[in-house]
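Working notes, beginning with the structure itself.
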There are 4 protein chains.
Amino acid sequence: MIIVLKPGATQAEIDHVVEKIQAAGCTPHLSRGVQRTIIGAIGDETVIRNLPLEILPGVDQVLPIMKPYKLVSREFKPEPSVLGAGSVLFGGKRLHIIAGPCAVEGREMLLATARAVAAAGATALRGGAFKPRTSPYAFQGLGEEALGLLAEARHRFGLPFVAEVLDPRHVELVAGYADLIRIGARNMSNFPLLAELGRQPKPVMLKRGFTATVEEWLSAAEYIYKEGNHHIVLCERGIRTFETQTRNTLDISAVPVVQALSHLPVMVDPSHSGGRRSLVAPLTLAALAVGADGVLIDVHPAPETALVDGPQAILPAEFAELMDRVRAVAAALGR
Amino acid sequence: MIIVLKPGATQAEIDHVVEKIQAAGCTPHLSRGVQRTIIGAIGDETVIRNLPLEILPGVDQVLPIMKPYKLVSREFKPEPSVLGAGSVLFGGKRLHIIAGPCAVEGREMLLATARAVAAAGATALRGGAFKPRTSPYAFQGLGEEALGLLAEARHRFGLPFVAEVLDPRHVELVAGYADLIRIGARNMSNFPLLAELGRQPKPVMLKRGFTATVEEWLSAAEYIYKEGNHHIVLCERGIRTFETQTRNTLDISAVPVVQALSHLPVMVDPSHSGGRRSLVAPLTLAALAVGADGVLIDVHPAPETALVDGPQAILPAEFAELMDRVRAVAAALGR
Amino acid sequence: MIIVLKPGATQAEIDHVVEKIQAAGCTPHLSRGVQRTIIGAIGDETVIRNLPLEILPGVDQVLPIMKPYKLVSREFKPEPSVLGAGSVLFGGKRLHIIAGPCAVEGREMLLATARAVAAAGATALRGGAFKPRTSPYAFQGLGEEALGLLAEARHRFGLPFVAEVLDPRHVELVAGYADLIRIGARNMSNFPLLAELGRQPKPVMLKRGFTATVEEWLSAAEYIYKEGNHHIVLCERGIRTFETQTRNTLDISAVPVVQALSHLPVMVDPSHSGGRRSLVAPLTLAALAVGADGVLIDVHPAPETALVDGPQAILPAEFAELMDRVRAVAAALGR
Amino acid sequence: MIIVLKPGATQAEIDHVVEKIQAAGCTPHLSRGVQRTIIGAIGDETVIRNLPLEILPGVDQVLPIMKPYKLVSREFKPEPSVLGAGSVLFGGKRLHIIAGPCAVEGREMLLATARAVAAAGATALRGGAFKPRTSPYAFQGLGEEALGLLAEARHRFGLPFVAEVLDPRHVELVAGYADLIRIGARNMSNFPLLAELGRQPKPVMLKRGFTATVEEWLSAAEYIYKEGNHHIVLCERGIRTFETQTRNTLDISAVPVVQALSHLPVMVDPSHSGGRRSLVAPLTLAALAVGADGVLIDVHPAPETALVDGPQAILPAEFAELMDRVRAVAAALGR
């Protein structure tokens with residue numbers, strides 16, 4: 001932490017800042033310039049961060065130099081993390097294509113989709129059992145029934161599956177079925193839910209909140225990691241901006257940015273970020289080219305009848321065609 | 001819902017859209033222009049909204065004309081709602097000044113603050129028992145102990161209090177103590193929590209998510225209202241923008257916008273939106289001038305030692321001085 | 001400027017940074033911590049800012065501590081600036097209410113509006129001669145004819161007027177007529193235009209770009225100031241955010257923020273920020289309560305027929321009624 | 001244009017809207033639903049757009065259904081535009097890699113860079129002669145001298161070049177040298193400059209304003225097109241969001257979105273969007289994978305000494321290495 005004092009700060013003001021830093025168990029380090037004095041506070045920055053130094057008399061600015069997360073950072077663990085979810089390993093050279101319906105609407109549609117995406121080369125299945133919906137009048141998911149159907153699809157087609165959890169009271173239930181538990185964008189800062197997922201053994205996919213900075217996203221991952229669960233996959237899914245042509249603005253740069261800051265694998269969701277069927281293929285290829293570890297794609301056998309997010313789902317046949325292009329680009333990228 | 005067809009849409013495509021609308025129990029209404037055909041879908045828009053009409057062949061745009069919320073709208077209930085929290089009524093002509101520490105850190109600091117804000121004319125007390133913190137290493141609140149201290153302060157100084165709840169499993173606990181239960185910005189889209197609060201009798205203060213549109217905020221209020229709890233106060237507390245001089249950007253216009261759309265009372269939080277002590281007074285006066293029903297102010301007897309959000313807390317003496325200006329402006333506004 | 005080195009930075013890397021700072025004529029100041037070395041670069045920060053220090057080997061972060069503007073800052077000139085435009089002084093205790101049509105559409109409508117706003121107590125007249133329009137098919141203003149009409153209105157009703165300039169080739173023309181020259185939001189970063197206005201004597205109103213940070217806004221003012229024109233009034237008019245209920249989001253906090261950073265007076269435009277007639281009155285009162293030096297209000301005798309921005313113009317009668325409320329609030333604020 | 005009336009709109013209010021539409025030379029088309037009446041206004045939407053229909057009594061919402069641009073749209077010209085700049089054609093299957101220094105700082109550095117990027121396979125040269133700088137104290141470019149040096153580099157290495165123009169008074173000068181004239185992000189809404197470029201024959205590269213919606217960007221292109229210059233290349237370069245890890249947020253989805261809406265070719269600038277050297281390679285590959293027609297890359301022989309934007313420039317050797325990866329991915333994409 002660096003504390004920049006105002007041009008005319010008095011000695012008493014400087015001494016007061018120095019005492020506060022010492023009282024927090026840290027070491028102050030003064031640099032007196034012609035115009036200003038600067039104080040570096042050396043020590044546990046998690047302690048110093050919580051000191052309200054900016055309101056001390058004579059203080060102009062407080063500049064943090066440490067990141068608010070530790071365990072998920074490259075400094076803590078330089079080599080990339082590898083983690084298993086069912087039969088699948090995340091974090092290695094292999095690209096992961098997780099596909100399936102946004103919401104499980106019934107047995108038939110799920111099995112048809114699962115069969116199709118397995119045949120086309122998907123590595124895991126997605127399917128919502130509990131759906132967070134902006135409107136209280138919208139379809140909220142089939143709950144445990146959907147989890148049972150996803151387990152059946154896993155058994156029949158050999159694909160591990162990812163399912164979302166919304167409520168800390170459902171963690172045990174979802175963990176009893178799913179191979180990978182997803183925290184949706186709206187729950188990225190639901191700290192009781194993060195803590196609950198940190199205390200159970202199943203791997204977690206943490207989607208970025210559509211309003212979260214990269215730093216907040218990694219801090220959310222830290223909540224899970226700190227509780228003991230180190231099996232975390234990140235997933236970028238678009239941020240909220242002023243542009244309305246797309247549902248959200250896919251922050252493609254966040255992938256290499258996060259890879260430089262953290263050892264956790266990073267996926268991209270081209271379906272929910274764009275919100276349009278026609279954008280799924282180009283955004284999938286862009287995600288792989290930028291270096292993501294995989295993508296999460298909405299596939300629905302009849303998007304016209306989908307109860308959730310139909311406009312962004314692609315057909316099984318479109319998915320199969322996209323997989324051909326994915327393989328060509330992956331080969332060119334050496335993956 | 002209005003469906004605009006592409007310039008060259010065929011009769012078969014038009015018929016297909018018409019059938020979809022009819023199958024959803026709604027009535028289609030065609031307008032054929034020289035260049036385009038437009039179809040109005042008359043009926044229950046909550047049903048039509050979930051139809052993925054934009055992906056039907058020949059469809060260019062789908063324009064919703066109804067709002068995604070109903071019960072909290074002015075159309076549903078034209079007169080302003082009035083609700084009681086402890087001895088206080090929200091929604092009438094009276095301005096509410098809720099003040100107190102961001103987090104309850106101990107008995108002494110809470111009672112000192114409560115005594116001071118009561119003396120200066122605050123109408124209710126605020127104080128955090130459970131704190132949502134971006135960093136897992138930050139102070140998380142004293143929990144039930146803090147609720148007990150707030151109840152003691154209520155008893156001694158006659159101020160009802162508002163406290164935040166983060167976890168659906170704590171709703172009963174917090175409702176057992178607080179007069180008004182607050183849902184913080186990070187939990188505005190925590191639907192299980194909203195539903196839980198909708199099923200208990202205590203009034204709820206719903207803060208706007210810092211990334212939520214007004215429409216999403218009112219939809220979140222609808223979740224609570226729909227479950228049976230009609231006692232809701234809204235609170236604007238700044239949205240996330242590119243500007244970094246303030247913690248968030250106070251969306252002052254949202255107050256009259258919401259008042260035109262909804263019958264619920266609206267407060268403003270000048271402390272958390274600005275994130276700076278020096279902004280509390282001007283933003284408080286601006287909030288009252290724009291027509292808010294009140295403000296929520298962080299007051300701390302020693303902000304230098306505050307464990308949470310010290311930089312934005314004002315001193316009891318500053319609060320008393322601000323209250324004098326509040327009274328002058330309120331009189332000029334006829335409140 | 002503070003340069004934070006990476007944990008394992010070598011002595012050679014540190015020496016290289018030190019040399020770069022010295023080569024730029026600045027003095028390096030080293031602080032070696034247990035984990036990291038930090039270097040303060042003391043000297044002319046406008047020189048250091050342009051050094052690409054962040055790409056030197058071993059460098060982790062570069063933290064500027066000086067602001068990118070000087071002459072418009074409070075450090076440079078602590079007392080508030082006062083400047084005259086025609087018969088009006090900006091920057092003192094008096095509130096300024098500048099009112100008139102967004103665009104001058106003809107003689108009759110202009111004179112009618114000017115007469116009405118003068119009678120109601122406006123201190124200056126606004127009226128567009130050259131209009132920047134997003135669509136090339138929209139009305140672009142009457143040009144010099146409008147300037148002549150504004151001068152006629154000034155003569156008849158005793159109100160100085162403000163008019164916008166879009167093109168550096170029109171500066172002389174507009175300066176020949178107007179009392180105050182306005183730079184619109186879209187041109188805040190039009191540096192040739194800023195420089196041209198800095199080289200002529202008429203005072204300038206600089207609107208904030210709807211995407212500009214406060215720091216960029218003050219840097220734009222610095223362009224004008226540096227060329228020799230010190231008569232600048234700032235005007236906040238809303239920033240672009242994700243919220244679509246209003247045309248832009250009025251950043252009301254920017255007023256006290258700018259007042260703390262700069263000695264220049266600050267106005268607010270409640271008409272263009274909200275984009276709706278119903279928001280003009282509440283946002284005007286909020287602007288005054290937050291401490292702005294005045295407001296800029298669109299008034300049109302027949303908004304239904306307005307060629308530009310009709311939806312946000314208020315009627316002369318509404319303006320007169322608003323002026324009564326303005327006077328009451330101003331008195332309560334001691335202005 | 002669709003006008004949605006309020007639930008209780010009277011016949012007189014409906015008639016008034018109908019008259020306004022007819023007075024504008026358009027045809028009203030009424031649909032009476034059970035709850036609401038909806039009026040479609042058929043005719044020249046550029047006329048109707050400028051009517052302030054939303055303020056007529058009884059009107060609830062006005063929904064535009066036509067886009068604010070015409071000539072640059074796919075509806076106007078379904079096939080992709082192809083245009084030549086010097087010896088290079090934009091808009092075909094070929095990918096364009098335009099590389100060079102952000103600013104021309106001198107003869108030697110320019111020729112060295114041009115030689116290197118030509119050898120590595122760049123298709124055109126970039127180099128700034130006039131630089132728009134946020135700070136008035138920063139290097140503003142060498143002006144005409146730089147244009148002469150760029151022309152020399154063109155002659156020696158066979159690369160056409162693109163240069164920026166900031167001031168309408170410099171258009172003739174820049175057009176006398178450059179093969180492609182660039183309008184930078186800050187000038188996307190500088191309408192006098194757009195109009196000037198529309199009236200001269202050299203092709204134009206229009207960068208997206210970092211705060212501009214796709215619709216505003218295409219409207220800016222319309223300004224140029226409408227004046228008679230149909231040779232326009234668009235360039236996405238990142239938008240302003242709340243994320244601070246990157247200089248701007250590259251809106252990669254804008255590429256396929258614009259390609260669906262417009263016939264103009266679209267490039268991407270991975271250097272200025274990310275603002276960091278390490279992001280140039282991944283964002284370049286992502287841009288090609290998403291379907292862009294090419295990229296614009298900052299290359300500098302000694303970024304440590306660059307006067308402008310050094311942190312984002314890559315070295316000639318890094319550029320050559322990137323070109324190998326570009327060729328591999330381009331082949332996989334069939335380009």
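Naming scheme: A, B, ... for chains in displayed order of the structure tokens; residues 1 onward per chain; ligands 1 onward as shown.
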(request) Check every residue of chain D for an atom within 8 Å of chain B, counting only C-alpha atoms, and provide those that qualify as a ChimeraX atom specification. (result) /D:4,29,31,33-34,40,42,61,63,65,240-243
Restrict the selected residues to C-alpha atoms and save them as a CSV table (one decimal), in the first residue's frame.
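For reference, out-v4.csv as written:
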```csv
chain,number,residue,atom,x,y,z
D,4,VAL,CA,-48.3,2.7,-28.4
D,29,HIS,CA,-52.4,2.5,-39.4
D,31,SER,CA,-54.8,-1.4,-34.3
D,33,GLY,CA,-56.6,-4.0,-28.8
D,34,VAL,CA,-58.6,-4.7,-25.7
D,40,GLY,CA,-48.2,2.2,-37.1
D,42,ILE,CA,-45.9,4.2,-42.5
D,61,GLN,CA,-44.2,4.7,-26.0
D,63,LEU,CA,-40.9,2.4,-31.0
D,65,ILE,CA,-38.7,0.1,-36.4
D,240,ARG,CA,-15.4,2.1,-22.6
D,241,THR,CA,-16.7,-0.1,-19.8
D,242,PHE,CA,-16.2,-0.4,-16.1
D,243,GLU,CA,-13.3,-2.9,-16.5
```
(message) DSSP on the backbone, strand (DSSP E) only: what residues of stretch 44-291 of chain C does that give? Format it as a PyMOL selection string.
(response) chain C and resi 59-63+83-85+88-90+96-100+124-126+161-164+180-183+204-207+232-236+266-268
Keeping only N, CA and C atoms, write the selected residues as an mmCIF file, in the first residue's frame.
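Dumped to out-v3.cif:
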```
data_model
loop_
_atom_site.group_PDB
_atom_site.id
_atom_site.type_symbol
_atom_site.label_atom_id
_atom_site.label_comp_id
_atom_site.auth_asym_id
_atom_site.auth_seq_id
_atom_site.Cartn_x
_atom_site.Cartn_y
_atom_site.Cartn_z
ATOM 1 N N VAL C 59 9.117 -4.551 -14.253
ATOM 2 C CA VAL C 59 8.125 -3.599 -13.751
ATOM 3 C C VAL C 59 6.751 -4.269 -13.666
ATOM 4 N N ASP C 60 6.088 -4.106 -12.523
ATOM 5 C CA ASP C 60 4.770 -4.702 -12.333
ATOM 6 C C ASP C 60 3.664 -3.676 -12.587
ATOM 7 N N GLN C 61 3.773 -2.520 -11.943
ATOM 8 C CA GLN C 61 2.737 -1.501 -12.086
ATOM 9 C C GLN C 61 3.364 -0.118 -12.096
ATOM 10 N N VAL C 62 2.703 0.802 -12.786
ATOM 11 C CA VAL C 62 3.113 2.205 -12.753
ATOM 12 C C VAL C 62 1.910 3.009 -12.276
ATOM 13 N N LEU C 63 2.072 3.717 -11.173
ATOM 14 C CA LEU C 63 0.954 4.433 -10.567
ATOM 15 C C LEU C 63 1.197 5.934 -10.651
ATOM 16 N N LEU C 83 -15.877 34.705 -13.928
ATOM 17 C CA LEU C 83 -15.702 35.175 -15.294
ATOM 18 C C LEU C 83 -16.991 35.789 -15.798
ATOM 19 N N GLY C 84 -16.852 36.732 -16.694
ATOM 20 C CA GLY C 84 -18.032 37.423 -17.205
ATOM 21 C C GLY C 84 -18.365 36.979 -18.617
ATOM 22 N N ALA C 85 -19.665 36.855 -18.879
ATOM 23 C CA ALA C 85 -20.130 36.586 -20.232
ATOM 24 C C ALA C 85 -21.238 37.600 -20.481
ATOM 25 N N VAL C 88 -23.245 39.019 -17.466
ATOM 26 C CA VAL C 88 -23.419 38.013 -16.426
ATOM 27 C C VAL C 88 -22.072 37.562 -15.887
ATOM 28 N N LEU C 89 -22.002 37.351 -14.592
ATOM 29 C CA LEU C 89 -20.780 36.828 -13.983
ATOM 30 C C LEU C 89 -21.004 35.390 -13.547
ATOM 31 N N PHE C 90 -20.124 34.496 -13.961
ATOM 32 C CA PHE C 90 -20.199 33.112 -13.514
ATOM 33 C C PHE C 90 -19.159 32.873 -12.435
ATOM 34 N N HIS C 96 -27.145 30.669 -11.991
ATOM 35 C CA HIS C 96 -27.458 31.045 -13.362
ATOM 36 C C HIS C 96 -28.437 30.069 -13.983
ATOM 37 N N ILE C 97 -29.477 30.643 -14.534
ATOM 38 C CA ILE C 97 -30.472 29.817 -15.215
ATOM 39 C C ILE C 97 -30.460 30.270 -16.672
ATOM 40 N N ILE C 98 -29.863 29.438 -17.508
ATOM 41 C CA ILE C 98 -29.786 29.751 -18.929
ATOM 42 C C ILE C 98 -30.885 28.946 -19.604
ATOM 43 N N ALA C 99 -31.741 29.628 -20.346
ATOM 44 C CA ALA C 99 -32.894 28.920 -20.909
ATOM 45 C C ALA C 99 -33.142 29.372 -22.337
ATOM 46 N N GLY C 100 -33.773 28.491 -23.088
ATOM 47 C CA GLY C 100 -34.095 28.818 -24.471
ATOM 48 C C GLY C 100 -34.234 27.555 -25.284
ATOM 49 N N ALA C 124 -29.672 34.159 -18.762
ATOM 50 C CA ALA C 124 -29.086 34.176 -20.101
ATOM 51 C C ALA C 124 -29.956 33.314 -21.007
ATOM 52 N N LEU C 125 -29.713 33.458 -22.298
ATOM 53 C CA LEU C 125 -30.504 32.756 -23.319
ATOM 54 C C LEU C 125 -29.647 31.681 -23.978
ATOM 55 N N ARG C 126 -30.242 30.524 -24.271
ATOM 56 C CA ARG C 126 -29.528 29.529 -25.061
ATOM 57 C C ARG C 126 -30.264 29.373 -26.383
ATOM 58 N N PHE C 161 -26.285 35.648 -24.618
ATOM 59 C CA PHE C 161 -26.645 34.299 -25.098
ATOM 60 C C PHE C 161 -25.436 33.407 -25.315
ATOM 61 N N VAL C 162 -25.717 32.115 -25.202
ATOM 62 C CA VAL C 162 -24.704 31.085 -25.434
ATOM 63 C C VAL C 162 -25.084 30.331 -26.703
ATOM 64 N N ALA C 163 -24.087 30.063 -27.566
ATOM 65 C CA ALA C 163 -24.339 29.307 -28.797
ATOM 66 C C ALA C 163 -23.198 28.328 -29.020
ATOM 67 N N GLU C 164 -23.519 27.212 -29.638
ATOM 68 C CA GLU C 164 -22.541 26.143 -29.833
ATOM 69 C C GLU C 164 -21.725 26.342 -31.104
ATOM 70 N N LEU C 180 -21.105 33.744 -24.950
ATOM 71 C CA LEU C 180 -20.495 32.554 -24.340
ATOM 72 C C LEU C 180 -20.560 31.487 -25.426
ATOM 73 N N ILE C 181 -19.428 30.844 -25.716
ATOM 74 C CA ILE C 181 -19.395 29.856 -26.797
ATOM 75 C C ILE C 181 -19.412 28.470 -26.184
ATOM 76 N N ARG C 182 -20.314 27.665 -26.661
ATOM 77 C CA ARG C 182 -20.483 26.342 -26.076
ATOM 78 C C ARG C 182 -19.795 25.280 -26.921
ATOM 79 N N ILE C 183 -19.074 24.370 -26.236
ATOM 80 C CA ILE C 183 -18.535 23.182 -26.901
ATOM 81 C C ILE C 183 -19.400 22.030 -26.431
ATOM 82 N N VAL C 204 -15.919 30.418 -22.696
ATOM 83 C CA VAL C 204 -16.302 29.129 -23.274
ATOM 84 C C VAL C 204 -17.044 28.290 -22.244
ATOM 85 N N MET C 205 -18.145 27.671 -22.675
ATOM 86 C CA MET C 205 -18.806 26.657 -21.838
ATOM 87 C C MET C 205 -18.430 25.291 -22.397
ATOM 88 N N LEU C 206 -17.778 24.478 -21.567
ATOM 89 C CA LEU C 206 -17.299 23.170 -22.023
ATOM 90 C C LEU C 206 -18.178 22.082 -21.431
ATOM 91 N N LYS C 207 -18.995 21.463 -22.272
ATOM 92 C CA LYS C 207 -19.840 20.371 -21.785
ATOM 93 C C LYS C 207 -19.010 19.102 -21.667
ATOM 94 N N ILE C 232 -13.624 29.891 -18.612
ATOM 95 C CA ILE C 232 -14.232 28.598 -18.923
ATOM 96 C C ILE C 232 -15.263 28.243 -17.858
ATOM 97 N N VAL C 233 -16.441 27.842 -18.290
ATOM 98 C CA VAL C 233 -17.489 27.303 -17.408
ATOM 99 C C VAL C 233 -17.669 25.854 -17.809
ATOM 100 N N LEU C 234 -17.698 24.954 -16.857
ATOM 101 C CA LEU C 234 -17.930 23.541 -17.159
ATOM 102 C C LEU C 234 -19.427 23.248 -17.096
ATOM 103 N N CYS C 235 -19.866 22.225 -17.826
ATOM 104 C CA CYS C 235 -21.286 21.847 -17.754
ATOM 105 C C CYS C 235 -21.465 20.336 -17.840
ATOM 106 N N GLU C 236 -21.937 19.755 -16.739
ATOM 107 C CA GLU C 236 -22.248 18.313 -16.666
ATOM 108 C C GLU C 236 -23.575 18.064 -17.365
ATOM 109 N N VAL C 266 -19.178 25.332 -12.379
ATOM 110 C CA VAL C 266 -19.795 24.127 -12.950
ATOM 111 C C VAL C 266 -21.303 24.282 -13.035
ATOM 112 N N MET C 267 -21.850 24.073 -14.209
ATOM 113 C CA MET C 267 -23.294 24.095 -14.440
ATOM 114 C C MET C 267 -23.786 22.660 -14.664
ATOM 115 N N VAL C 268 -25.100 22.510 -14.769
ATOM 116 C CA VAL C 268 -25.710 21.215 -15.077
ATOM 117 C C VAL C 268 -26.763 21.427 -16.152
#
```
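We find atom CA of D:Gly275 and atom CA of C:Pro192 to be spaced 24.6 Å apart.
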Non-local contacts of A:Gly228 (9 Å; only C-alpha atoms; under 4 positions in same chain excluded) as a PDB file with all heavy atoms, in the first residue's frame:
```pdb
ATOM      1  N   GLY A 198     -17.452 -23.894  -1.329  1.00  0.00           N
ATOM      2  CA  GLY A 198     -16.056 -24.094  -0.941  1.00  0.00           C
ATOM      3  C   GLY A 198     -15.884 -25.214   0.060  1.00  0.00           C
ATOM      4  O   GLY A 198     -14.787 -25.757   0.230  1.00  0.00           O
ATOM      5  N   ARG A 199     -16.984 -25.600   0.718  1.00  0.00           N
ATOM      6  CA  ARG A 199     -16.900 -26.624   1.777  1.00  0.00           C
ATOM      7  C   ARG A 199     -17.356 -28.000   1.321  1.00  0.00           C
ATOM      8  O   ARG A 199     -17.543 -28.883   2.143  1.00  0.00           O
ATOM      9  CB  ARG A 199     -17.752 -26.185   2.963  1.00  0.00           C
ATOM     10  CG  ARG A 199     -17.224 -24.945   3.663  1.00  0.00           C
ATOM     11  CD  ARG A 199     -18.001 -24.647   4.924  1.00  0.00           C
ATOM     12  NE  ARG A 199     -17.973 -23.207   5.179  1.00  0.00           N
ATOM     13  CZ  ARG A 199     -19.028 -22.393   5.059  1.00  0.00           C
ATOM     14  NH1 ARG A 199     -20.216 -22.868   4.720  1.00  0.00           N
ATOM     15  NH2 ARG A 199     -18.897 -21.101   5.285  1.00  0.00           N
ATOM     16  N   GLN A 200     -17.595 -28.179   0.028  1.00  0.00           N
ATOM     17  CA  GLN A 200     -17.976 -29.510  -0.479  1.00  0.00           C
ATOM     18  C   GLN A 200     -16.983 -29.889  -1.582  1.00  0.00           C
ATOM     19  O   GLN A 200     -16.267 -29.038  -2.090  1.00  0.00           O
ATOM     20  CB  GLN A 200     -19.438 -29.499  -0.950  1.00  0.00           C
ATOM     21  CG  GLN A 200     -19.795 -28.497  -2.011  1.00  0.00           C
ATOM     22  CD  GLN A 200     -19.395 -28.944  -3.395  1.00  0.00           C
ATOM     23  OE1 GLN A 200     -19.652 -30.062  -3.789  1.00  0.00           O
ATOM     24  NE2 GLN A 200     -18.706 -28.056  -4.116  1.00  0.00           N
ATOM     25  N   PRO A 201     -16.939 -31.168  -1.930  1.00  0.00           N
ATOM     26  CA  PRO A 201     -15.806 -31.614  -2.755  1.00  0.00           C
ATOM     27  C   PRO A 201     -15.965 -31.478  -4.273  1.00  0.00           C
ATOM     28  O   PRO A 201     -14.976 -31.553  -4.989  1.00  0.00           O
ATOM     29  CB  PRO A 201     -15.691 -33.092  -2.380  1.00  0.00           C
ATOM     30  CG  PRO A 201     -17.086 -33.501  -1.998  1.00  0.00           C
ATOM     31  CD  PRO A 201     -17.741 -32.287  -1.418  1.00  0.00           C
ATOM     32  N   ILE A 224     -14.182 -19.374  -2.573  1.00  0.00           N
ATOM     33  CA  ILE A 224     -14.365 -20.834  -2.685  1.00  0.00           C
ATOM     34  C   ILE A 224     -13.061 -21.543  -2.327  1.00  0.00           C
ATOM     35  O   ILE A 224     -13.032 -22.484  -1.545  1.00  0.00           O
ATOM     36  CB  ILE A 224     -14.782 -21.190  -4.136  1.00  0.00           C
ATOM     37  CG1 ILE A 224     -16.066 -20.443  -4.518  1.00  0.00           C
ATOM     38  CG2 ILE A 224     -14.965 -22.693  -4.276  1.00  0.00           C
ATOM     39  CD1 ILE A 224     -16.409 -20.547  -5.999  1.00  0.00           C
TER      40      ILE A 224
END
```
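Here atom CA of C:Phe76 stands at a distance of 19.2 Å from atom CA of C:Val255.
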(message) For stretch 314-321 of chain B, find every residue with an atom within 9 Å (counting only C-alpha atoms), except residues of its own chain fewer than 5 positions away, and show them as a count of residues only.
(response) 20
(request) List the neighbours of B:His170 out to 12 Å using only C-alpha atoms; skip same-chain residues closer than 6 positions along the sequence, and give me the result as a VMD selection string. (result) (chain A and resid 168 to 169 192) or (chain B and resid 129 to 130 143 to 144 147 163 to 164 176 to 177 181 193 196 to 197)
(request) Could you give me the residues within stretch 94-312 of chain B that DSSP places in helix (DSSP H, G or I), as number ranges by chain? (result) B: 107-120, 144-157, 168-177, 185-187, 191-198, 214-226, 254-261, 270-274, 277-290, 303-305, 310-312
(request) Could you please determine the separation between atom CA of D:Val257 and atom CA of D:Gly334 in Å, to one decimal place? (result)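 Spanning atom CA of D:Val257 to atom CA of D:Gly334 is a straight-line distance of 20.5 Å.
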